[in-house]
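Source file: protein-v6.txt; contents: compact mmCIF, C-alpha atoms (C1' of nucleotides).
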```txt
# COMPACT_ATOMS: atom_id res chain seq x y z
CA MET A 1 27.67 -2.90 -24.78
CA PRO A 2 30.12 -2.11 -21.96
CA ARG A 3 29.83 -3.99 -18.70
CA LYS A 4 29.12 -0.69 -16.95
CA THR A 5 25.78 -0.34 -18.64
CA ASP A 6 25.15 -4.00 -18.21
CA LYS A 7 25.53 -3.92 -14.45
CA ARG A 8 23.52 -0.78 -14.13
CA VAL A 9 20.69 -2.34 -16.06
CA ARG A 10 20.91 -5.51 -14.02
CA LEU A 11 20.76 -3.56 -10.78
CA ILE A 12 17.70 -1.63 -11.90
CA GLU A 13 15.94 -4.76 -13.06
CA ALA A 14 16.74 -6.57 -9.81
CA ALA A 15 15.59 -3.60 -7.78
CA LYS A 16 12.40 -3.33 -9.81
CA VAL A 17 11.45 -6.91 -9.11
CA LEU A 18 12.44 -6.89 -5.45
CA ILE A 19 10.72 -3.59 -4.70
CA HIS A 20 7.54 -4.97 -6.19
CA GLN A 21 7.86 -8.11 -4.11
CA LYS A 22 8.95 -6.67 -0.77
CA GLY A 23 8.26 -2.96 -0.99
CA PHE A 24 10.85 -0.20 -1.22
CA ASN A 25 11.72 0.06 2.46
CA GLN A 26 11.95 -3.68 2.98
CA THR A 27 14.27 -4.14 0.04
CA THR A 28 17.92 -3.86 1.09
CA LEU A 29 20.84 -2.92 -1.07
CA ALA A 30 22.30 -6.29 -0.19
CA ASP A 31 19.19 -7.95 -1.62
CA ILE A 32 19.50 -5.98 -4.83
CA ALA A 33 23.24 -6.58 -5.14
CA GLN A 34 22.81 -10.31 -4.66
CA GLU A 35 19.91 -10.58 -7.12
CA ALA A 36 21.89 -8.62 -9.72
CA ASP A 37 25.04 -10.61 -8.96
CA VAL A 38 26.99 -7.46 -8.17
CA PRO A 39 29.14 -7.07 -5.02
CA LEU A 40 27.50 -4.81 -2.46
CA GLY A 41 30.24 -2.23 -2.44
CA ASN A 42 30.09 -1.92 -6.20
CA VAL A 43 26.47 -0.82 -6.15
CA TYR A 44 27.57 2.61 -5.01
CA TYR A 45 29.60 3.10 -8.13
CA TYR A 46 26.34 3.14 -10.10
CA PHE A 47 24.02 4.73 -7.56
CA LYS A 48 25.02 7.23 -4.91
CA THR A 49 22.10 6.33 -2.64
CA LYS A 50 19.29 3.86 -2.25
CA GLU A 51 16.89 6.62 -3.23
CA ALA A 52 18.76 6.96 -6.52
CA ILE A 53 18.00 3.31 -7.24
CA GLY A 54 14.35 3.93 -6.44
CA GLU A 55 14.39 6.83 -8.84
CA ALA A 56 15.85 4.71 -11.61
CA VAL A 57 13.28 1.98 -11.00
CA ILE A 58 10.39 4.42 -11.23
CA GLU A 59 11.88 5.89 -14.40
CA LYS A 60 12.00 2.38 -15.83
CA ARG A 61 8.37 1.89 -14.87
CA ALA A 62 7.54 5.16 -16.60
CA VAL A 63 9.17 3.95 -19.80
CA GLU A 64 7.26 0.69 -19.60
CA PHE A 65 4.06 2.63 -19.04
CA THR A 66 4.69 4.67 -22.16
CA GLU A 67 5.29 1.51 -24.16
CA PHE A 68 2.14 0.04 -22.67
CA PHE A 69 0.07 3.04 -23.72
CA SER A 70 1.53 2.82 -27.22
CA LYS A 71 0.40 -0.77 -27.41
CA LEU A 72 -3.08 0.14 -26.21
CA ASP A 73 -3.22 2.98 -28.70
CA GLU A 74 -2.81 0.50 -31.54
CA ASN A 75 -6.50 -0.26 -31.13
CA SER A 76 -8.43 1.74 -33.68
CA ASP A 77 -11.10 3.21 -31.40
CA PRO A 78 -10.89 4.53 -27.82
CA ARG A 79 -13.50 2.09 -26.59
CA ALA A 80 -11.36 -0.86 -27.68
CA ARG A 81 -8.36 0.80 -26.07
CA LEU A 82 -10.10 1.01 -22.72
CA MET A 83 -11.32 -2.56 -23.10
CA SER A 84 -7.72 -3.61 -23.75
CA LEU A 85 -6.60 -1.85 -20.60
CA ILE A 86 -9.10 -3.85 -18.56
CA GLN A 87 -8.05 -7.01 -20.35
CA PHE A 88 -4.38 -6.44 -19.55
CA GLY A 89 -5.39 -6.16 -15.91
CA THR A 90 -6.30 -9.85 -16.00
CA GLU A 91 -2.84 -10.96 -17.08
CA ASP A 92 -0.12 -11.96 -14.64
CA LEU A 93 -2.73 -12.26 -11.94
CA GLU A 94 -0.62 -14.70 -9.94
CA LEU A 95 1.91 -11.91 -9.57
CA THR A 96 -0.78 -9.42 -8.66
CA ALA A 97 -2.25 -11.79 -6.09
CA ARG A 98 1.17 -12.31 -4.52
CA TYR A 99 2.54 -8.80 -4.57
CA GLY A 100 -0.23 -6.42 -5.57
CA CYS A 101 0.05 -3.70 -8.19
CA SER A 102 3.64 -2.60 -8.68
CA VAL A 103 2.63 1.01 -9.21
CA GLY A 104 -0.18 1.17 -6.68
CA GLY A 105 2.07 -0.37 -4.07
CA LEU A 106 4.75 2.23 -4.63
CA CYS A 107 2.26 5.09 -4.41
CA GLN A 108 0.81 3.71 -1.21
CA GLU A 109 4.16 3.18 0.48
CA LEU A 110 6.03 6.24 -0.73
CA GLY A 111 3.00 8.51 -0.43
CA LYS A 112 3.25 8.28 3.34
CA GLN A 113 6.86 9.40 3.30
CA GLY A 114 6.56 12.29 0.91
CA GLY A 115 9.59 13.55 -0.98
CA SER A 116 10.47 13.44 -4.64
CA LEU A 117 10.23 9.66 -4.91
CA ALA A 118 6.57 9.84 -3.90
CA ASP A 119 5.95 12.51 -6.51
CA GLN A 120 7.61 10.44 -9.21
CA ALA A 121 5.54 7.40 -8.30
CA ALA A 122 2.37 9.48 -8.27
CA LYS A 123 3.16 10.68 -11.76
CA LEU A 124 2.83 7.11 -13.01
CA LEU A 125 -0.75 6.87 -11.79
CA HIS A 126 -1.36 10.36 -13.06
CA ASP A 127 -0.26 9.35 -16.54
CA LEU A 128 -2.63 6.40 -16.47
CA LEU A 129 -5.44 8.67 -15.35
CA MET A 130 -4.72 11.15 -18.14
CA TRP A 131 -4.53 8.41 -20.73
CA CYS A 132 -7.97 7.14 -19.70
CA GLU A 133 -9.39 10.64 -19.69
CA THR A 134 -8.10 11.15 -23.21
CA GLN A 135 -9.95 8.04 -24.37
CA PHE A 136 -13.22 9.11 -22.80
CA ARG A 137 -12.81 12.56 -24.27
CA SER A 138 -12.29 11.03 -27.68
CA LEU A 139 -15.52 9.12 -27.16
CA GLY A 140 -17.28 12.45 -26.69
CA PHE A 141 -17.84 12.45 -22.95
CA GLY A 142 -16.52 15.99 -22.61
CA ASP A 143 -16.46 17.26 -19.06
CA LYS A 144 -17.55 13.87 -17.76
CA SER A 145 -14.29 12.35 -18.99
CA ALA A 146 -12.27 13.18 -15.90
CA ASP A 147 -14.82 11.56 -13.61
CA LEU A 148 -15.08 8.49 -15.81
CA ALA A 149 -11.29 8.13 -15.87
CA LEU A 150 -11.14 8.53 -12.10
CA ASN A 151 -13.82 5.89 -11.71
CA MET A 152 -11.98 3.49 -13.98
CA VAL A 153 -8.51 3.84 -12.47
CA SER A 154 -9.98 3.80 -9.00
CA ASN A 155 -11.76 0.58 -9.79
CA ILE A 156 -8.68 -1.05 -11.24
CA GLN A 157 -6.46 -0.08 -8.32
CA GLY A 158 -9.10 -1.17 -5.84
CA ILE A 159 -9.55 -4.61 -7.31
CA PHE A 160 -5.79 -5.07 -7.43
CA LEU A 161 -5.62 -4.34 -3.73
CA LEU A 162 -8.39 -6.82 -2.96
CA THR A 163 -6.86 -9.45 -5.22
CA HIS A 164 -3.60 -9.02 -3.35
CA THR A 165 -5.22 -8.91 0.07
CA PHE A 166 -7.19 -12.11 -0.46
CA LYS A 167 -4.58 -13.73 -2.71
CA ASP A 168 -7.33 -14.60 -5.15
CA PRO A 169 -6.91 -13.93 -8.90
CA LYS A 170 -10.54 -14.82 -9.49
CA LEU A 171 -11.59 -11.57 -7.86
CA ALA A 172 -9.84 -9.59 -10.57
CA ILE A 173 -11.43 -11.74 -13.26
CA ARG A 174 -14.88 -11.13 -11.84
CA GLN A 175 -14.40 -7.41 -11.50
CA ALA A 176 -12.92 -7.13 -15.00
CA LYS A 177 -16.16 -8.57 -16.35
CA VAL A 178 -18.15 -6.01 -14.36
CA LEU A 179 -15.94 -3.19 -15.57
CA GLN A 180 -16.19 -4.28 -19.19
CA GLU A 181 -19.98 -4.47 -18.99
CA TRP A 182 -20.02 -1.02 -17.44
CA LEU A 183 -17.91 0.32 -20.27
CA GLU A 184 -20.04 -1.44 -22.84
CA LYS A 185 -23.28 0.02 -21.55
CA LEU A 186 -21.66 3.40 -21.18
CA THR A 187 -20.50 3.50 -24.80
CA THR A 188 -23.51 1.95 -26.45
CA GLY A 189 -24.32 4.03 -29.49
CA VAL A 190 -21.19 6.08 -29.06
CA ARG A 191 -18.63 6.26 -31.89
CA GLY A 192 -14.95 6.81 -31.55
CA THR A 193 -14.95 10.24 -33.12
CA THR A 194 -15.93 13.44 -31.44
CA THR A 195 -18.89 15.05 -33.17
CA SER A 196 -21.69 17.15 -31.76
CA THR A 197 -24.08 14.23 -32.13
CA THR A 198 -21.96 11.65 -30.34
CA LYS A 199 -21.22 14.21 -27.66
CA GLN A 200 -24.93 14.48 -26.97
CA VAL A 201 -25.35 10.72 -26.89
CA ALA A 202 -22.38 10.31 -24.57
CA ALA A 203 -23.56 13.05 -22.25
CA GLU A 204 -26.96 11.42 -22.08
CA VAL A 205 -25.59 7.99 -21.30
CA ALA A 206 -23.21 9.29 -18.65
CA MET B 1 -8.47 1.08 36.20
CA PRO B 2 -4.87 -0.02 36.98
CA ARG B 3 -1.99 1.78 35.34
CA LYS B 4 -1.03 -1.46 33.62
CA THR B 5 -4.10 -1.34 31.44
CA ASP B 6 -3.65 2.36 30.95
CA LYS B 7 -0.15 2.04 29.49
CA ARG B 8 -1.16 -0.89 27.36
CA VAL B 9 -4.02 1.09 25.94
CA ARG B 10 -1.80 4.09 25.36
CA LEU B 11 0.77 1.98 23.54
CA ILE B 12 -1.87 0.45 21.28
CA GLU B 13 -3.38 3.82 20.49
CA ALA B 14 0.03 5.35 19.74
CA ALA B 15 0.95 2.38 17.55
CA LYS B 16 -2.37 2.58 15.74
CA VAL B 17 -1.83 6.20 14.80
CA LEU B 18 1.84 5.84 13.92
CA ILE B 19 1.34 2.71 11.85
CA HIS B 20 -1.32 4.52 9.86
CA GLN B 21 0.99 7.47 9.35
CA LYS B 22 4.27 5.71 8.59
CA GLY B 23 3.34 2.12 7.86
CA PHE B 24 4.09 -0.89 10.06
CA ASN B 25 7.70 -1.46 9.04
CA GLN B 26 8.64 2.19 9.23
CA THR B 27 7.22 2.59 12.70
CA THR B 28 9.83 1.84 15.35
CA LEU B 29 9.21 0.73 18.90
CA ALA B 30 11.05 3.87 19.96
CA ASP B 31 8.49 5.94 18.04
CA ILE B 32 5.62 4.17 19.72
CA ALA B 33 7.17 4.39 23.17
CA GLN B 34 7.77 8.10 22.81
CA GLU B 35 4.28 8.81 21.47
CA ALA B 36 2.74 6.83 24.32
CA ASP B 37 5.11 8.43 26.84
CA VAL B 38 6.40 5.05 27.96
CA PRO B 39 10.12 4.24 28.30
CA LEU B 40 11.36 2.02 25.50
CA GLY B 41 12.42 -0.83 27.74
CA ASN B 42 9.01 -0.91 29.39
CA VAL B 43 7.23 -1.61 26.14
CA TYR B 44 8.39 -5.21 26.33
CA TYR B 45 6.58 -5.72 29.58
CA TYR B 46 3.31 -5.30 27.67
CA PHE B 47 4.25 -6.79 24.31
CA LYS B 48 6.77 -9.52 23.74
CA THR B 49 7.50 -8.47 20.16
CA LYS B 50 6.75 -5.75 17.67
CA GLU B 51 4.48 -8.17 15.88
CA ALA B 52 2.45 -8.52 19.07
CA ILE B 53 1.84 -4.77 18.99
CA GLY B 54 0.75 -5.03 15.38
CA GLU B 55 -1.64 -7.77 16.37
CA ALA B 56 -3.15 -5.66 19.12
CA VAL B 57 -3.54 -2.72 16.76
CA ILE B 58 -5.37 -4.81 14.19
CA GLU B 59 -7.61 -6.23 16.92
CA LYS B 60 -8.41 -2.68 17.93
CA ARG B 61 -9.24 -1.85 14.34
CA ALA B 62 -11.50 -4.91 14.23
CA VAL B 63 -13.40 -3.67 17.28
CA GLU B 64 -13.77 -0.24 15.72
CA PHE B 65 -15.01 -1.86 12.52
CA THR B 66 -17.67 -3.76 14.45
CA GLU B 67 -18.79 -0.55 16.15
CA PHE B 68 -18.81 1.15 12.77
CA PHE B 69 -21.04 -1.54 11.26
CA SER B 70 -23.38 -1.25 14.25
CA LYS B 71 -23.70 2.46 13.58
CA LEU B 72 -24.38 1.86 9.90
CA ASP B 73 -26.95 -0.80 10.79
CA GLU B 74 -28.95 1.81 12.67
CA ASN B 75 -30.26 2.91 9.30
CA SER B 76 -33.62 1.31 8.71
CA ASP B 77 -33.03 -0.02 5.21
CA PRO B 78 -29.95 -1.57 3.57
CA ARG B 79 -29.86 1.06 0.85
CA ALA B 80 -29.49 3.81 3.45
CA ARG B 81 -26.83 1.74 5.20
CA LEU B 82 -24.74 1.52 2.03
CA MET B 83 -25.28 5.21 1.38
CA SER B 84 -24.04 5.91 4.90
CA LEU B 85 -20.92 3.84 4.24
CA ILE B 86 -20.13 5.96 1.21
CA GLN B 87 -20.85 9.11 3.20
CA PHE B 88 -18.46 8.10 5.97
CA GLY B 89 -15.80 7.71 3.31
CA THR B 90 -15.92 11.45 2.79
CA GLU B 91 -15.11 12.25 6.42
CA ASP B 92 -11.58 12.80 7.70
CA LEU B 93 -10.43 13.21 4.13
CA GLU B 94 -7.42 15.27 5.16
CA LEU B 95 -6.19 12.22 7.02
CA THR B 96 -6.92 9.97 4.06
CA ALA B 97 -5.12 12.31 1.71
CA ARG B 98 -2.07 12.37 3.95
CA TYR B 99 -1.85 8.73 4.97
CA GLY B 100 -4.30 6.74 2.88
CA CYS B 101 -6.73 4.17 4.20
CA SER B 102 -5.57 2.74 7.51
CA VAL B 103 -6.90 -0.71 6.67
CA GLY B 104 -6.04 -0.73 2.97
CA GLY B 105 -2.53 0.40 3.78
CA LEU B 106 -2.03 -2.44 6.23
CA CYS B 107 -3.32 -5.02 3.76
CA GLN B 108 -1.06 -3.69 1.05
CA GLU B 109 2.06 -3.64 3.20
CA LEU B 110 1.58 -6.80 5.22
CA GLY B 111 0.16 -8.75 2.30
CA LYS B 112 3.60 -8.77 0.71
CA GLN B 113 5.17 -10.27 3.82
CA GLY B 114 2.62 -12.97 4.51
CA GLY B 115 2.26 -14.42 7.98
CA SER B 116 -0.51 -14.17 10.52
CA LEU B 117 -0.46 -10.38 10.69
CA ALA B 118 -1.33 -10.24 7.00
CA ASP B 119 -4.19 -12.65 7.53
CA GLN B 120 -5.55 -10.61 10.40
CA ALA B 121 -5.41 -7.43 8.36
CA ALA B 122 -7.10 -9.16 5.44
CA LYS B 123 -9.91 -10.23 7.74
CA LEU B 124 -10.78 -6.56 8.28
CA LEU B 125 -11.38 -6.01 4.58
CA HIS B 126 -13.16 -9.35 4.43
CA ASP B 127 -15.58 -8.22 7.13
CA LEU B 128 -16.32 -5.04 5.20
CA LEU B 129 -16.90 -7.06 2.07
CA MET B 130 -19.27 -9.42 3.88
CA TRP B 131 -21.16 -6.55 5.48
CA CYS B 132 -21.73 -4.99 2.06
CA GLU B 133 -22.78 -8.30 0.59
CA THR B 134 -25.32 -8.73 3.38
CA GLN B 135 -26.86 -5.39 2.51
CA PHE B 136 -27.16 -6.22 -1.17
CA ARG B 137 -28.62 -9.60 -0.32
CA SER B 138 -31.21 -7.90 1.88
CA LEU B 139 -32.06 -5.71 -1.07
CA GLY B 140 -32.82 -8.84 -3.04
CA PHE B 141 -29.81 -9.03 -5.33
CA GLY B 142 -29.27 -12.71 -4.56
CA ASP B 143 -26.25 -14.17 -6.31
CA LYS B 144 -25.29 -10.78 -7.68
CA SER B 145 -24.68 -9.54 -4.14
CA ALA B 146 -21.09 -10.77 -3.91
CA ASP B 147 -20.12 -9.03 -7.14
CA LEU B 148 -21.85 -5.83 -6.11
CA ALA B 149 -20.08 -5.87 -2.76
CA LEU B 150 -16.76 -6.52 -4.46
CA ASN B 151 -17.38 -3.64 -6.81
CA MET B 152 -18.26 -1.31 -3.97
CA VAL B 153 -15.33 -2.13 -1.67
CA SER B 154 -12.99 -2.15 -4.64
CA ASN B 155 -14.18 1.29 -5.62
CA ILE B 156 -13.81 2.67 -2.11
CA GLN B 157 -10.32 1.29 -1.65
CA GLY B 158 -9.29 2.50 -5.08
CA ILE B 159 -10.42 6.05 -4.55
CA PHE B 160 -8.69 6.11 -1.17
CA LEU B 161 -5.46 5.13 -2.86
CA LEU B 162 -5.84 7.84 -5.49
CA THR B 163 -6.81 10.43 -2.89
CA HIS B 164 -3.68 9.51 -0.99
CA THR B 165 -1.46 9.38 -4.05
CA PHE B 166 -2.51 12.81 -5.31
CA LYS B 167 -3.08 14.26 -1.85
CA ASP B 168 -6.43 15.59 -3.02
CA PRO B 169 -9.57 15.11 -0.89
CA LYS B 170 -11.71 16.42 -3.74
CA LEU B 171 -11.13 13.20 -5.64
CA ALA B 172 -12.87 11.22 -2.92
CA ILE B 173 -15.75 13.71 -2.89
CA ARG B 174 -16.19 13.38 -6.64
CA GLN B 175 -16.08 9.61 -6.59
CA ALA B 176 -18.49 9.40 -3.63
CA LYS B 177 -21.03 11.25 -5.73
CA VAL B 178 -20.51 8.81 -8.58
CA LEU B 179 -20.82 5.83 -6.25
CA GLN B 180 -23.99 7.19 -4.68
CA GLU B 181 -25.57 7.76 -8.06
CA TRP B 182 -24.61 4.24 -9.06
CA LEU B 183 -26.23 2.87 -5.93
CA GLU B 184 -29.31 5.01 -6.45
CA LYS B 185 -29.89 3.82 -10.00
CA LEU B 186 -29.14 0.27 -8.96
CA THR B 187 -31.75 0.27 -6.22
CA THR B 188 -34.47 2.24 -7.96
CA GLY B 189 -37.77 0.48 -7.32
CA VAL B 190 -36.11 -1.91 -4.89
CA ARG B 191 -37.38 -2.13 -1.32
CA GLY B 192 -35.38 -3.00 1.76
CA THR B 193 -37.10 -6.30 2.43
CA THR B 194 -36.45 -9.55 0.65
CA THR B 195 -39.56 -10.74 -1.13
CA SER B 196 -39.93 -12.64 -4.35
CA THR B 197 -41.12 -9.47 -6.11
CA THR B 198 -38.21 -7.26 -5.05
CA LYS B 199 -35.80 -10.06 -5.88
CA GLN B 200 -37.06 -10.05 -9.44
CA VAL B 201 -36.78 -6.30 -9.68
CA ALA B 202 -33.28 -6.29 -8.26
CA ALA B 203 -32.15 -9.06 -10.56
CA GLU B 204 -33.49 -7.15 -13.52
CA VAL B 205 -31.77 -3.91 -12.55
CA ALA B 206 -28.46 -5.60 -11.86
C1' DG C 1 5.71 -3.07 37.54
C1' DT C 2 9.21 0.28 36.02
C1' DC C 3 13.18 1.96 33.68
C1' DT C 4 18.39 2.45 32.34
C1' DA C 5 21.85 0.46 30.02
C1' DT C 6 23.16 -2.51 26.67
C1' DA C 7 23.47 -6.71 23.65
C1' DT C 8 22.83 -8.12 18.94
C1' DA C 9 21.84 -7.69 14.25
C1' DC C 10 21.64 -5.43 10.16
C1' DA C 11 20.84 -1.40 7.46
C1' DG C 12 22.98 2.35 4.32
C1' DA C 13 27.09 4.15 3.15
C1' DT C 14 32.45 4.75 2.74
C1' DA C 15 37.62 3.80 2.34
C1' DG C 16 40.91 2.34 -0.13
C1' DA C 17 43.50 -1.65 -2.31
C1' DC C 18 43.53 -3.55 -6.84
C1' DG D 1 35.85 0.11 -12.91
C1' DT D 2 35.85 -3.46 -9.29
C1' DC D 3 35.49 -5.43 -4.80
C1' DT D 4 36.73 -6.39 0.34
C1' DA D 5 36.57 -4.69 4.63
C1' DT D 6 34.55 -1.70 7.54
C1' DC D 7 32.42 2.57 9.58
C1' DT D 8 28.26 4.41 11.58
C1' DG D 9 23.68 4.61 12.80
C1' DT D 10 19.67 2.50 14.33
C1' DA D 11 16.44 -1.27 14.87
C1' DT D 12 14.57 -5.09 17.88
C1' DA D 13 15.14 -7.13 21.91
C1' DT D 14 17.27 -8.32 26.66
C1' DA D 15 19.52 -7.89 31.34
C1' DG D 16 19.08 -6.61 35.50
C1' DA D 17 18.87 -2.75 39.09
C1' DC D 18 15.13 -0.51 41.44
```

Do you think you could lay out the structure here as structure tokens?
Amino acid sequence: MPRKTDKRVRLIEAAKVLIHQKGFNQTTLADIAQEADVPLGNVYYYFKTKEAIGEAVIEKRAVEFTEFFSKLDENSDPRARLMSLIQFGTEDLELTARYGCSVGGLCQELGKQGGSLADQAAKLLHDLLMWCETQFRSLGFGDKSADLALNMVSNIQGIFLLTHTFKDPKLAIRQAKVLQEWLEKLTTGVRGTTTSTTKQVAAEVA
Amino acid sequence: MPRKTDKRVRLIEAAKVLIHQKGFNQTTLADIAQEADVPLGNVYYYFKTKEAIGEAVIEKRAVEFTEFFSKLDENSDPRARLMSLIQFGTEDLELTARYGCSVGGLCQELGKQGGSLADQAAKLLHDLLMWCETQFRSLGFGDKSADLALNMVSNIQGIFLLTHTFKDPKLAIRQAKVLQEWLEKLTTGVRGTTTSTTKQVAAEVA
DNA sequence: GTCTATATACAGATAGAC
DNA sequence: GTCTATCTGTATATAGAC
């Protein structure tokens, strides 16, 4: 592997971490260069602008999201997949308490500024939303699926914000329990395949 | 009222709006001075530092929060108060879609930086959380009240973030309906006063 | 109390030697 | 491809006349 790729990767990784920790605007190119052990002036050989680095970081996040969904999809039924999603939300809580959700934080910050970076960040949350909706649809919730997905992602993002605000991982633990119970009650008697019968059951429960 | 107070008030109001729109770090003193129609150099007569302006803005938000709670408390029973809170979340949604939640945004941004400003911003969300918990406690939910409050505030903050991220007020409308239905089912058969009977009912429902 | 001019620091970005 | 030195703009903050 040529050093070119190596440095590029290092810069993206450094930027990814620092942007999560300090936010995009508060992260300087000097910060990134230092963290990646690359001289400041050399950064511009790999990225024309700071925005280009932001773009690369979000693309990296998108790849990680895809891998994450693949992992979740290994669960045999959609209900277990959604449960896994909630479970993963209780990992790395020290990081979440310190710096909040890496994706939610980007959407919040960049959303105010508009532009293509904001759109790219929003797509990450959109993908998560769509993934959840797919699971609910597979469980037979039909037209209710979008609302259920919205409720779930909303809940997750909200508890991340509170966990960060109060610097208290226990909040996320508590809410994860609540969310899992909600999902359990919601899917009681519902199978993972979409048939006319399960659709009726799901519609009734919802 | 002396002009001194007038300019101070104008600066705080301008800062409040701009910080909501652009975030604290992205709002410059020049921005604030211009918006308040005060010469840049004069700003420092009223506030020693930019942080001092941030402090004043958060204090203003705290006052508005208190007034807001007073308004909500005008409802006769706690259930109606919580319903009102959800209802208020569906007002000014164009603003929320454009700039997100003014308080949530501050907590997110300042939380990463730490310091006293972050603590002050966090206190705003804490007050909201405590207010909600008080309502649930009045409804007889006892020890479940903290979790219910957490769930509610978490949900509200989450949907604000999504509304902002996707620039779509309809999302907040949809989720408000879901939240209200949740609250309705939760409090079915529960009265607004705390007696041993209602406590049992509430505990059972929760 | 008010306001212009400016000091100081640091950000993103570039030039050009190697 | 790499890296030092630096340009340019802009931010917070100050000095000091009025």

| request: State, in Å with one decimal place, the distance from CA of Gln180 in chain A to CA of Met83 in chain A. | output: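 Distance between the two atoms: 6.5 Å.
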
| request: Have a look at A:Lys170, A:Arg10, A:Lys71, A:Lys16 and name the one nearest to Glu59 in chain A; count only C-alpha atoms. | output: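 So, comparing all the options, the nearest one is A:Lys16.
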
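For chain B, the residues within 9 Å of chain C are B:Lys4, B:Pro39, B:Leu40, B:Gly41, B:Asn42, B:Tyr45, with only C-alpha atoms (C1' of nucleotides) used to measure distance.
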
| Residues of chain D within 10 Å of chain B, using all atoms listed in the file, as number ranges by chain? | D: 10-14

| task | Find the residues of chain B in contact range of chain A, meaning any atom within 7 Å when counting all atoms listed in the file, and list them as a ChimeraX atom specification. | result | /B:21-22,98-99,105,107-108,111-113,122,151,154-155,157-159,161-162,164-166,175

| What is the CA of Leu117 in chain A to CA of Ala146 in chain A distance in Å? |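 It comes out at 25.3 Å.
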
May I have the residues at most 12 Å from (-6.1, 9.1, -27.3) in the file's coordinates, counting all atoms listed in the file, as a CSV table (one decimal) with C-alpha atoms, in the frame of the given file?
```csv
chain,number,residue,atom,x,y,z
A,69,PHE,CA,0.1,3.0,-23.7
A,70,SER,CA,1.5,2.8,-27.2
A,71,LYS,CA,0.4,-0.8,-27.4
A,72,LEU,CA,-3.1,0.1,-26.2
A,73,ASP,CA,-3.2,3.0,-28.7
A,74,GLU,CA,-2.8,0.5,-31.5
A,75,ASN,CA,-6.5,-0.3,-31.1
A,76,SER,CA,-8.4,1.7,-33.7
A,77,ASP,CA,-11.1,3.2,-31.4
A,78,PRO,CA,-10.9,4.5,-27.8
A,79,ARG,CA,-13.5,2.1,-26.6
A,80,ALA,CA,-11.4,-0.9,-27.7
A,81,ARG,CA,-8.4,0.8,-26.1
A,82,LEU,CA,-10.1,1.0,-22.7
A,128,LEU,CA,-2.6,6.4,-16.5
A,129,LEU,CA,-5.4,8.7,-15.4
A,130,MET,CA,-4.7,11.2,-18.1
A,131,TRP,CA,-4.5,8.4,-20.7
A,132,CYS,CA,-8.0,7.1,-19.7
A,133,GLU,CA,-9.4,10.6,-19.7
A,134,THR,CA,-8.1,11.2,-23.2
A,135,GLN,CA,-10.0,8.0,-24.4
A,136,PHE,CA,-13.2,9.1,-22.8
A,137,ARG,CA,-12.8,12.6,-24.3
A,138,SER,CA,-12.3,11.0,-27.7
A,139,LEU,CA,-15.5,9.1,-27.2
A,140,GLY,CA,-17.3,12.4,-26.7
A,192,GLY,CA,-15.0,6.8,-31.6
A,193,THR,CA,-15.0,10.2,-33.1
A,194,THR,CA,-15.9,13.4,-31.4
```

| Within 9 Å of file point (10.7, 3.6, -8.0), counting only C-alpha atoms (C1' of nucleotides), expressed as a list in words | Ala15, Lys16, Ile19, Phe24, Glu51, Ala52, Ile53, Gly54, Glu55, Ala56, Val57, Ile58, Glu59, Lys60, Arg61, Val103, Leu106, Leu117, Ala118, Gln120 and Ala121 of chain A

| request: To one decimal in Å, tell me the separation between CA of Leu85 in chain B and CA of Val17 in chain B. | output: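 Computing the Euclidean distance for CA of Leu85 in chain B and CA of Val17 in chain B yields 21.9 Å.
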
Give me range 6-18 of chain D from this structure - C-alpha atoms (C1' of nucleotides), as a PDB file, in the first residue's frame.
```pdb
ATOM      1  C1'  DT D   6       3.736  32.565   4.373  1.00  0.00           C
ATOM      2  C1'  DC D   7      -0.401  35.028   2.451  1.00  0.00           C
ATOM      3  C1'  DT D   8      -4.997  36.583   3.519  1.00  0.00           C
ATOM      4  C1'  DG D   9      -9.057  36.977   5.936  1.00  0.00           C
ATOM      5  C1'  DT D  10     -11.439  37.287  10.070  1.00  0.00           C
ATOM      6  C1'  DA D  11     -12.250  36.445  14.928  1.00  0.00           C
ATOM      7  C1'  DT D  12     -11.983  38.200  19.825  1.00  0.00           C
ATOM      8  C1'  DA D  13     -10.618  41.756  22.315  1.00  0.00           C
ATOM      9  C1'  DT D  14      -8.405  46.460  23.542  1.00  0.00           C
ATOM     10  C1'  DA D  15      -6.932  51.455  23.343  1.00  0.00           C
ATOM     11  C1'  DG D  16      -8.165  55.638  23.628  1.00  0.00           C
ATOM     12  C1'  DA D  17     -10.527  59.860  21.518  1.00  0.00           C
ATOM     13  C1'  DC D  18     -14.988  61.913  22.147  1.00  0.00           C
TER      14       DC D  18
END
```
